[in-house]
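Here's the structure, in structure tokens; my notes come after.
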Amino acid sequence: MSRSAEIHRTTAETDVRLTLDLDGRGDGDRETGVGFFDHMLDLLARHGGFDLSAAVRGDLATGAHHTVEDTGLVLGQALHEALGDRVGITRYGHAVVPMDEARASATVDLSGRPYLLFDADLPAGATGDFDHELCEEFLRAVSTTGRMTLHVRVEAGTNAHHMIEACFKALAR
């Protein structure tokens with residue numbers, strides 16, 4: 001049985017085309033127009049061991065919010081579809097990942113019940129064109145449409161880039 005999905009979602013703000021293969025190797029192209037976010041999606045796929053391609057056009061003139069959130073919604077939807085009836089999977093997962101001075105943990109329950117607990121004291125600002133607050137928005141979108149309970153905590157860190165990167169890697173693992 002194929003554990004993959006292909007989703008296309010168009011709104012007034014974005015056009016998201018995404019393919020996901022849970023039994024991949026981290027391959028794929030990520031092109032959202034938001035450089036730091038593309039880097040985070042690369043890490044998610046590589047450290048998660050799944051193939052992910054995302055081609056996203058968004059209203060970046062107004063900021064990256066819609067692009068990041070809508071990509072998260074589509075990724076969650078693709079995860080839900082690829083998991084199917086969820087029979088035979090390991091329901092729970094947990095990982096702690098250090099990234100230099102930063103450390104983050106992610107705990108996942110593929111319960112079918114969406115919930116996000118995001119506990120991170122990220123500094124205000126942006127890394128490139130990615131506002132730090134978008135990390136939480138992305139995770140909320142993935143947990144909602146992926147129908148999973150997700151707890152992500154940044155346990156240490158001073159550099160926002162490292163803190164966010166640790167979050168994405170912990171989720172991937």
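Here, A, B, ... name the chains of the structure tokens in the order displayed, residue numbers run from 1 inside each chain, and ligands are numbered from 1 in the same displayed order.
For Val34 (chain A), the set of protein, DNA and RNA residues having any atom at most 9 Å away, when counting only C-alpha atoms and skipping those fewer than 4 positions along the same chain, is Asp38, His39, Leu60, Ala64, Thr67, Val68, Gly128, Asp129 and Phe130 of chain A.
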Just-selected residues, N, CA, C and O atoms written as a PDB file, in the first residue's frame:
ATOM      1  N   ASP A  38      12.039  27.278   3.231  1.00  0.00           N
ATOM      2  CA  ASP A  38      12.482  26.189   2.356  1.00  0.00           C
ATOM      3  C   ASP A  38      13.544  25.347   3.067  1.00  0.00           C
ATOM      4  O   ASP A  38      13.518  24.113   2.999  1.00  0.00           O
ATOM      5  N   HIS A  39      14.469  26.010   3.753  1.00  0.00           N
ATOM      6  CA  HIS A  39      15.519  25.320   4.512  1.00  0.00           C
ATOM      7  C   HIS A  39      14.896  24.443   5.596  1.00  0.00           C
ATOM      8  O   HIS A  39      15.310  23.294   5.794  1.00  0.00           O
ATOM      9  N   LEU A  60       3.488  37.110  -1.099  1.00  0.00           N
ATOM     10  CA  LEU A  60       4.635  37.472  -0.273  1.00  0.00           C
ATOM     11  C   LEU A  60       4.791  38.976  -0.087  1.00  0.00           C
ATOM     12  O   LEU A  60       5.480  39.406   0.839  1.00  0.00           O
ATOM     13  N   ALA A  64       5.093  36.585   4.757  1.00  0.00           N
ATOM     14  CA  ALA A  64       5.138  35.140   4.510  1.00  0.00           C
ATOM     15  C   ALA A  64       4.043  34.369   5.238  1.00  0.00           C
ATOM     16  O   ALA A  64       3.942  33.153   5.081  1.00  0.00           O
ATOM     17  N   THR A  67       1.692  32.045   3.117  1.00  0.00           N
ATOM     18  CA  THR A  67       2.496  31.001   2.474  1.00  0.00           C
ATOM     19  C   THR A  67       2.860  29.906   3.471  1.00  0.00           C
ATOM     20  O   THR A  67       2.684  28.713   3.200  1.00  0.00           O
ATOM     21  N   VAL A  68       3.349  30.297   4.626  1.00  0.00           N
ATOM     22  CA  VAL A  68       3.782  29.322   5.637  1.00  0.00           C
ATOM     23  C   VAL A  68       2.582  28.574   6.206  1.00  0.00           C
ATOM     24  O   VAL A  68       2.596  27.344   6.309  1.00  0.00           O
ATOM     25  N   GLY A 128      15.761  36.016   7.884  1.00  0.00           N
ATOM     26  CA  GLY A 128      15.458  36.254   6.477  1.00  0.00           C
ATOM     27  C   GLY A 128      14.073  36.870   6.394  1.00  0.00           C
ATOM     28  O   GLY A 128      13.765  37.840   7.085  1.00  0.00           O
ATOM     29  N   ASP A 129      13.210  36.273   5.605  1.00  0.00           N
ATOM     30  CA  ASP A 129      11.843  36.775   5.466  1.00  0.00           C
ATOM     31  C   ASP A 129      10.839  35.896   6.206  1.00  0.00           C
ATOM     32  O   ASP A 129       9.652  35.902   5.899  1.00  0.00           O
ATOM     33  N   PHE A 130      11.327  35.149   7.195  1.00  0.00           N
ATOM     34  CA  PHE A 130      10.495  34.255   8.002  1.00  0.00           C
ATOM     35  C   PHE A 130      10.357  34.852   9.398  1.00  0.00           C
ATOM     36  O   PHE A 130      11.314  34.830  10.193  1.00  0.00           O
TER      37      PHE A 130
END
Return as a PDB file with N, CA and C atoms, in the first residue's frame the full set of residues in region 14-160 of chain A whose backbone-based DSSP assignment is strand (DSSP E).
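Generated output (out-v2.pdb):
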ATOM      1  N   THR A  14      -2.845  32.001  -1.812  1.00  0.00           N
ATOM      2  CA  THR A  14      -1.781  31.052  -2.131  1.00  0.00           C
ATOM      3  C   THR A  14      -2.221  30.005  -3.144  1.00  0.00           C
ATOM      4  N   ASP A  15      -1.221  29.390  -3.748  1.00  0.00           N
ATOM      5  CA  ASP A  15      -1.402  28.216  -4.601  1.00  0.00           C
ATOM      6  C   ASP A  15      -0.331  27.222  -4.150  1.00  0.00           C
ATOM      7  N   VAL A  16      -0.760  26.131  -3.504  1.00  0.00           N
ATOM      8  CA  VAL A  16       0.164  25.161  -2.914  1.00  0.00           C
ATOM      9  C   VAL A  16       0.002  23.820  -3.615  1.00  0.00           C
ATOM     10  N   ARG A  17       1.097  23.312  -4.159  1.00  0.00           N
ATOM     11  CA  ARG A  17       1.151  21.959  -4.734  1.00  0.00           C
ATOM     12  C   ARG A  17       2.186  21.191  -3.924  1.00  0.00           C
ATOM     13  N   LEU A  18       1.760  20.062  -3.365  1.00  0.00           N
ATOM     14  CA  LEU A  18       2.639  19.329  -2.470  1.00  0.00           C
ATOM     15  C   LEU A  18       2.489  17.830  -2.718  1.00  0.00           C
ATOM     16  N   THR A  19       3.625  17.142  -2.770  1.00  0.00           N
ATOM     17  CA  THR A  19       3.620  15.684  -2.826  1.00  0.00           C
ATOM     18  C   THR A  19       4.438  15.167  -1.647  1.00  0.00           C
ATOM     19  N   LEU A  20       3.985  14.059  -1.091  1.00  0.00           N
ATOM     20  CA  LEU A  20       4.601  13.475   0.092  1.00  0.00           C
ATOM     21  C   LEU A  20       4.646  11.968  -0.071  1.00  0.00           C
ATOM     22  N   ASP A  21       5.801  11.381   0.209  1.00  0.00           N
ATOM     23  CA  ASP A  21       5.949   9.926   0.244  1.00  0.00           C
ATOM     24  C   ASP A  21       6.630   9.586   1.565  1.00  0.00           C
ATOM     25  N   ARG A  30      11.755  21.981  -2.543  1.00  0.00           N
ATOM     26  CA  ARG A  30      10.925  22.862  -1.725  1.00  0.00           C
ATOM     27  C   ARG A  30      11.155  24.283  -2.199  1.00  0.00           C
ATOM     28  N   GLU A  31      10.111  24.872  -2.804  1.00  0.00           N
ATOM     29  CA  GLU A  31      10.205  26.226  -3.343  1.00  0.00           C
ATOM     30  C   GLU A  31       8.960  27.002  -2.946  1.00  0.00           C
ATOM     31  N   ASP A  51      10.046  11.766   1.404  1.00  0.00           N
ATOM     32  CA  ASP A  51      10.182  12.637   0.242  1.00  0.00           C
ATOM     33  C   ASP A  51       9.095  13.710   0.311  1.00  0.00           C
ATOM     34  N   LEU A  52       9.490  14.926   0.028  1.00  0.00           N
ATOM     35  CA  LEU A  52       8.568  16.059   0.103  1.00  0.00           C
ATOM     36  C   LEU A  52       8.908  17.048  -1.001  1.00  0.00           C
ATOM     37  N   SER A  53       7.937  17.339  -1.826  1.00  0.00           N
ATOM     38  CA  SER A  53       8.076  18.407  -2.817  1.00  0.00           C
ATOM     39  C   SER A  53       6.961  19.405  -2.572  1.00  0.00           C
ATOM     40  N   ALA A  54       7.327  20.674  -2.548  1.00  0.00           N
ATOM     41  CA  ALA A  54       6.349  21.739  -2.337  1.00  0.00           C
ATOM     42  C   ALA A  54       6.655  22.877  -3.291  1.00  0.00           C
ATOM     43  N   ALA A  55       5.672  23.213  -4.105  1.00  0.00           N
ATOM     44  CA  ALA A  55       5.753  24.371  -4.990  1.00  0.00           C
ATOM     45  C   ALA A  55       4.649  25.317  -4.548  1.00  0.00           C
ATOM     46  N   VAL A  56       5.049  26.464  -4.013  1.00  0.00           N
ATOM     47  CA  VAL A  56       4.080  27.376  -3.399  1.00  0.00           C
ATOM     48  C   VAL A  56       4.255  28.768  -3.995  1.00  0.00           C
ATOM     49  N   ARG A  57       3.137  29.336  -4.404  1.00  0.00           N
ATOM     50  CA  ARG A  57       3.096  30.751  -4.787  1.00  0.00           C
ATOM     51  C   ARG A  57       2.183  31.429  -3.789  1.00  0.00           C
ATOM     52  N   GLY A  58       2.685  32.478  -3.179  1.00  0.00           N
ATOM     53  CA  GLY A  58       1.896  33.179  -2.179  1.00  0.00           C
ATOM     54  C   GLY A  58       1.987  34.676  -2.334  1.00  0.00           C
ATOM     55  N   TYR A  92       2.757   6.932  18.903  1.00  0.00           N
ATOM     56  CA  TYR A  92       3.440   7.973  19.672  1.00  0.00           C
ATOM     57  C   TYR A  92       4.897   8.091  19.251  1.00  0.00           C
ATOM     58  N   GLY A  93       5.414   9.295  19.345  1.00  0.00           N
ATOM     59  CA  GLY A  93       6.830   9.516  19.093  1.00  0.00           C
ATOM     60  C   GLY A  93       7.331  10.707  19.881  1.00  0.00           C
ATOM     61  N   HIS A  94       8.620  10.694  20.186  1.00  0.00           N
ATOM     62  CA  HIS A  94       9.234  11.767  20.953  1.00  0.00           C
ATOM     63  C   HIS A  94      10.695  11.891  20.540  1.00  0.00           C
ATOM     64  N   ALA A  95      11.165  13.116  20.423  1.00  0.00           N
ATOM     65  CA  ALA A  95      12.577  13.351  20.119  1.00  0.00           C
ATOM     66  C   ALA A  95      13.031  14.653  20.764  1.00  0.00           C
ATOM     67  N   VAL A  96      14.276  14.671  21.171  1.00  0.00           N
ATOM     68  CA  VAL A  96      14.932  15.876  21.664  1.00  0.00           C
ATOM     69  C   VAL A  96      16.127  16.108  20.765  1.00  0.00           C
ATOM     70  N   VAL A  97      16.249  17.329  20.249  1.00  0.00           N
ATOM     71  CA  VAL A  97      17.314  17.636  19.300  1.00  0.00           C
ATOM     72  C   VAL A  97      18.048  18.898  19.738  1.00  0.00           C
ATOM     73  N   PRO A  98      19.381  18.821  19.848  1.00  0.00           N
ATOM     74  CA  PRO A  98      20.174  20.027  20.090  1.00  0.00           C
ATOM     75  C   PRO A  98      20.602  20.649  18.769  1.00  0.00           C
ATOM     76  N   MET A  99      20.710  21.938  18.764  1.00  0.00           N
ATOM     77  CA  MET A  99      21.262  22.662  17.618  1.00  0.00           C
ATOM     78  C   MET A  99      22.142  23.751  18.203  1.00  0.00           C
ATOM     79  N   ALA A 102      20.939  25.693  21.267  1.00  0.00           N
ATOM     80  CA  ALA A 102      19.485  25.489  21.358  1.00  0.00           C
ATOM     81  C   ALA A 102      19.167  23.999  21.535  1.00  0.00           C
ATOM     82  N   ARG A 103      18.018  23.737  22.144  1.00  0.00           N
ATOM     83  CA  ARG A 103      17.520  22.368  22.296  1.00  0.00           C
ATOM     84  C   ARG A 103      15.998  22.422  22.247  1.00  0.00           C
ATOM     85  N   ALA A 104      15.405  21.526  21.451  1.00  0.00           N
ATOM     86  CA  ALA A 104      13.950  21.475  21.353  1.00  0.00           C
ATOM     87  C   ALA A 104      13.497  20.022  21.431  1.00  0.00           C
ATOM     88  N   SER A 105      12.280  19.850  21.930  1.00  0.00           N
ATOM     89  CA  SER A 105      11.674  18.517  21.965  1.00  0.00           C
ATOM     90  C   SER A 105      10.339  18.572  21.237  1.00  0.00           C
ATOM     91  N   ALA A 106       9.998  17.444  20.654  1.00  0.00           N
ATOM     92  CA  ALA A 106       8.695  17.296  20.004  1.00  0.00           C
ATOM     93  C   ALA A 106       8.120  15.952  20.432  1.00  0.00           C
ATOM     94  N   THR A 107       6.862  15.973  20.801  1.00  0.00           N
ATOM     95  CA  THR A 107       6.128  14.770  21.166  1.00  0.00           C
ATOM     96  C   THR A 107       4.888  14.726  20.294  1.00  0.00           C
ATOM     97  N   VAL A 108       4.672  13.585  19.643  1.00  0.00           N
ATOM     98  CA  VAL A 108       3.592  13.443  18.674  1.00  0.00           C
ATOM     99  C   VAL A 108       2.689  12.286  19.082  1.00  0.00           C
ATOM    100  N   ASP A 109       1.402  12.500  18.956  1.00  0.00           N
ATOM    101  CA  ASP A 109       0.407  11.438  19.103  1.00  0.00           C
ATOM    102  C   ASP A 109      -0.460  11.491  17.854  1.00  0.00           C
ATOM    103  N   TYR A 115      -4.283  18.960  18.160  1.00  0.00           N
ATOM    104  CA  TYR A 115      -3.970  19.856  19.272  1.00  0.00           C
ATOM    105  C   TYR A 115      -2.508  20.245  19.155  1.00  0.00           C
ATOM    106  N   LEU A 116      -2.201  21.499  19.418  1.00  0.00           N
ATOM    107  CA  LEU A 116      -0.815  21.952  19.468  1.00  0.00           C
ATOM    108  C   LEU A 116      -0.549  22.634  20.790  1.00  0.00           C
ATOM    109  N   LEU A 117       0.506  22.198  21.448  1.00  0.00           N
ATOM    110  CA  LEU A 117       1.084  22.940  22.561  1.00  0.00           C
ATOM    111  C   LEU A 117       2.451  23.402  22.063  1.00  0.00           C
ATOM    112  N   PHE A 118       2.639  24.696  22.000  1.00  0.00           N
ATOM    113  CA  PHE A 118       3.908  25.270  21.541  1.00  0.00           C
ATOM    114  C   PHE A 118       4.446  26.117  22.668  1.00  0.00           C
ATOM    115  N   ASP A 119       5.554  25.696  23.223  1.00  0.00           N
ATOM    116  CA  ASP A 119       6.159  26.374  24.368  1.00  0.00           C
ATOM    117  C   ASP A 119       7.558  26.810  23.958  1.00  0.00           C
ATOM    118  N   ALA A 126      12.734  38.345  12.703  1.00  0.00           N
ATOM    119  CA  ALA A 126      12.665  37.439  11.563  1.00  0.00           C
ATOM    120  C   ALA A 126      14.053  36.908  11.248  1.00  0.00           C
ATOM    121  N   THR A 127      14.072  35.719  10.673  1.00  0.00           N
ATOM    122  CA  THR A 127      15.283  35.171  10.083  1.00  0.00           C
ATOM    123  C   THR A 127      15.032  35.181   8.588  1.00  0.00           C
ATOM    124  N   PHE A 130      11.327  35.149   7.195  1.00  0.00           N
ATOM    125  CA  PHE A 130      10.495  34.255   8.002  1.00  0.00           C
ATOM    126  C   PHE A 130      10.357  34.852   9.398  1.00  0.00           C
ATOM    127  N   ASP A 131       9.179  35.428   9.692  1.00  0.00           N
ATOM    128  CA  ASP A 131       8.927  35.950  11.035  1.00  0.00           C
ATOM    129  C   ASP A 131       8.937  34.784  12.015  1.00  0.00           C
ATOM    130  N   THR A 149      -1.921  15.258  17.816  1.00  0.00           N
ATOM    131  CA  THR A 149      -1.556  16.040  18.985  1.00  0.00           C
ATOM    132  C   THR A 149      -0.053  16.242  18.911  1.00  0.00           C
ATOM    133  N   LEU A 150       0.373  17.490  19.049  1.00  0.00           N
ATOM    134  CA  LEU A 150       1.776  17.844  18.898  1.00  0.00           C
ATOM    135  C   LEU A 150       2.177  18.797  20.017  1.00  0.00           C
ATOM    136  N   HIS A 151       3.189  18.401  20.756  1.00  0.00           N
ATOM    137  CA  HIS A 151       3.770  19.266  21.778  1.00  0.00           C
ATOM    138  C   HIS A 151       5.199  19.577  21.351  1.00  0.00           C
ATOM    139  N   VAL A 152       5.500  20.856  21.186  1.00  0.00           N
ATOM    140  CA  VAL A 152       6.845  21.283  20.813  1.00  0.00           C
ATOM    141  C   VAL A 152       7.314  22.293  21.846  1.00  0.00           C
ATOM    142  N   ARG A 153       8.482  22.026  22.408  1.00  0.00           N
ATOM    143  CA  ARG A 153       9.063  22.912  23.416  1.00  0.00           C
ATOM    144  C   ARG A 153      10.496  23.265  23.029  1.00  0.00           C
ATOM    145  N   VAL A 154      10.812  24.551  23.132  1.00  0.00           N
ATOM    146  CA  VAL A 154      12.199  24.974  23.024  1.00  0.00           C
ATOM    147  C   VAL A 154      12.705  25.044  24.449  1.00  0.00           C
ATOM    148  N   GLU A 155      13.635  24.163  24.766  1.00  0.00           N
ATOM    149  CA  GLU A 155      14.106  23.999  26.142  1.00  0.00           C
ATOM    150  C   GLU A 155      15.316  24.869  26.460  1.00  0.00           C
ATOM    151  N   ALA A 156      16.024  25.309  25.420  1.00  0.00           N
ATOM    152  CA  ALA A 156      17.203  26.155  25.608  1.00  0.00           C
ATOM    153  C   ALA A 156      17.473  26.872  24.295  1.00  0.00           C
TER     154      ALA A 156
END
Exercise for review: Please give the complete set of residues from region 11-172 of chain A that DSSP, run on the backbone, assigns to helix (DSSP H, G or I), formatted as a ChimeraX atom specification.
Suggested key: /A:35-48,60-62,65-83,134-145,160-172
Review point. Hey, what's within 7 Å of Ala141 (chain A) if we count only C-alpha atoms and toss same-chain stuff fewer than 4 positions away? As an MDAnalysis selection string, please?
Key: chainID A and resid 69 72:73 76 137 145
Expected file contents, prior selection, all heavy atoms, as a PDB file, in the first residue's frame:
ATOM      1  N   GLU A  69       1.543  29.290   6.580  1.00  0.00           N
ATOM      2  CA  GLU A  69       0.368  28.638   7.174  1.00  0.00           C
ATOM      3  C   GLU A  69      -0.298  27.689   6.176  1.00  0.00           C
ATOM      4  O   GLU A  69      -0.626  26.543   6.525  1.00  0.00           O
ATOM      5  CB  GLU A  69      -0.638  29.687   7.644  1.00  0.00           C
ATOM      6  CG  GLU A  69      -1.866  29.086   8.294  1.00  0.00           C
ATOM      7  CD  GLU A  69      -2.844  30.135   8.772  1.00  0.00           C
ATOM      8  OE1 GLU A  69      -2.993  31.182   8.096  1.00  0.00           O
ATOM      9  OE2 GLU A  69      -3.460  29.896   9.817  1.00  0.00           O
ATOM     10  N   GLY A  72       1.623  24.567   5.702  1.00  0.00           N
ATOM     11  CA  GLY A  72       1.395  23.688   6.852  1.00  0.00           C
ATOM     12  C   GLY A  72       0.060  22.974   6.771  1.00  0.00           C
ATOM     13  O   GLY A  72      -0.035  21.773   7.075  1.00  0.00           O
ATOM     14  N   LEU A  73      -0.976  23.687   6.350  1.00  0.00           N
ATOM     15  CA  LEU A  73      -2.299  23.055   6.201  1.00  0.00           C
ATOM     16  C   LEU A  73      -2.255  21.926   5.176  1.00  0.00           C
ATOM     17  O   LEU A  73      -2.812  20.843   5.398  1.00  0.00           O
ATOM     18  CB  LEU A  73      -3.345  24.096   5.800  1.00  0.00           C
ATOM     19  CG  LEU A  73      -3.725  25.115   6.867  1.00  0.00           C
ATOM     20  CD1 LEU A  73      -4.577  26.230   6.256  1.00  0.00           C
ATOM     21  CD2 LEU A  73      -4.447  24.460   8.029  1.00  0.00           C
ATOM     22  N   GLY A  76      -0.116  18.920   6.505  1.00  0.00           N
ATOM     23  CA  GLY A  76      -0.906  18.132   7.456  1.00  0.00           C
ATOM     24  C   GLY A  76      -1.935  17.278   6.748  1.00  0.00           C
ATOM     25  O   GLY A  76      -2.123  16.095   7.076  1.00  0.00           O
ATOM     26  N   GLU A 137       2.663  29.071  13.865  1.00  0.00           N
ATOM     27  CA  GLU A 137       1.558  29.014  12.904  1.00  0.00           C
ATOM     28  C   GLU A 137       1.679  27.780  12.006  1.00  0.00           C
ATOM     29  O   GLU A 137       0.689  27.109  11.723  1.00  0.00           O
ATOM     30  CB  GLU A 137       1.519  30.282  12.047  1.00  0.00           C
ATOM     31  CG  GLU A 137       1.168  31.535  12.811  1.00  0.00           C
ATOM     32  CD  GLU A 137      -0.168  31.458  13.531  1.00  0.00           C
ATOM     33  OE1 GLU A 137      -1.134  30.893  12.974  1.00  0.00           O
ATOM     34  OE2 GLU A 137      -0.250  31.953  14.666  1.00  0.00           O
ATOM     35  N   THR A 145      -4.698  19.888  10.425  1.00  0.00           N
ATOM     36  CA  THR A 145      -5.138  19.089   9.288  1.00  0.00           C
ATOM     37  C   THR A 145      -4.511  17.698   9.277  1.00  0.00           C
ATOM     38  O   THR A 145      -5.048  16.783   8.652  1.00  0.00           O
ATOM     39  CB  THR A 145      -4.862  19.802   7.952  1.00  0.00           C
ATOM     40  OG1 THR A 145      -3.465  20.112   7.881  1.00  0.00           O
ATOM     41  CG2 THR A 145      -5.698  21.068   7.823  1.00  0.00           C
TER      42      THR A 145
END
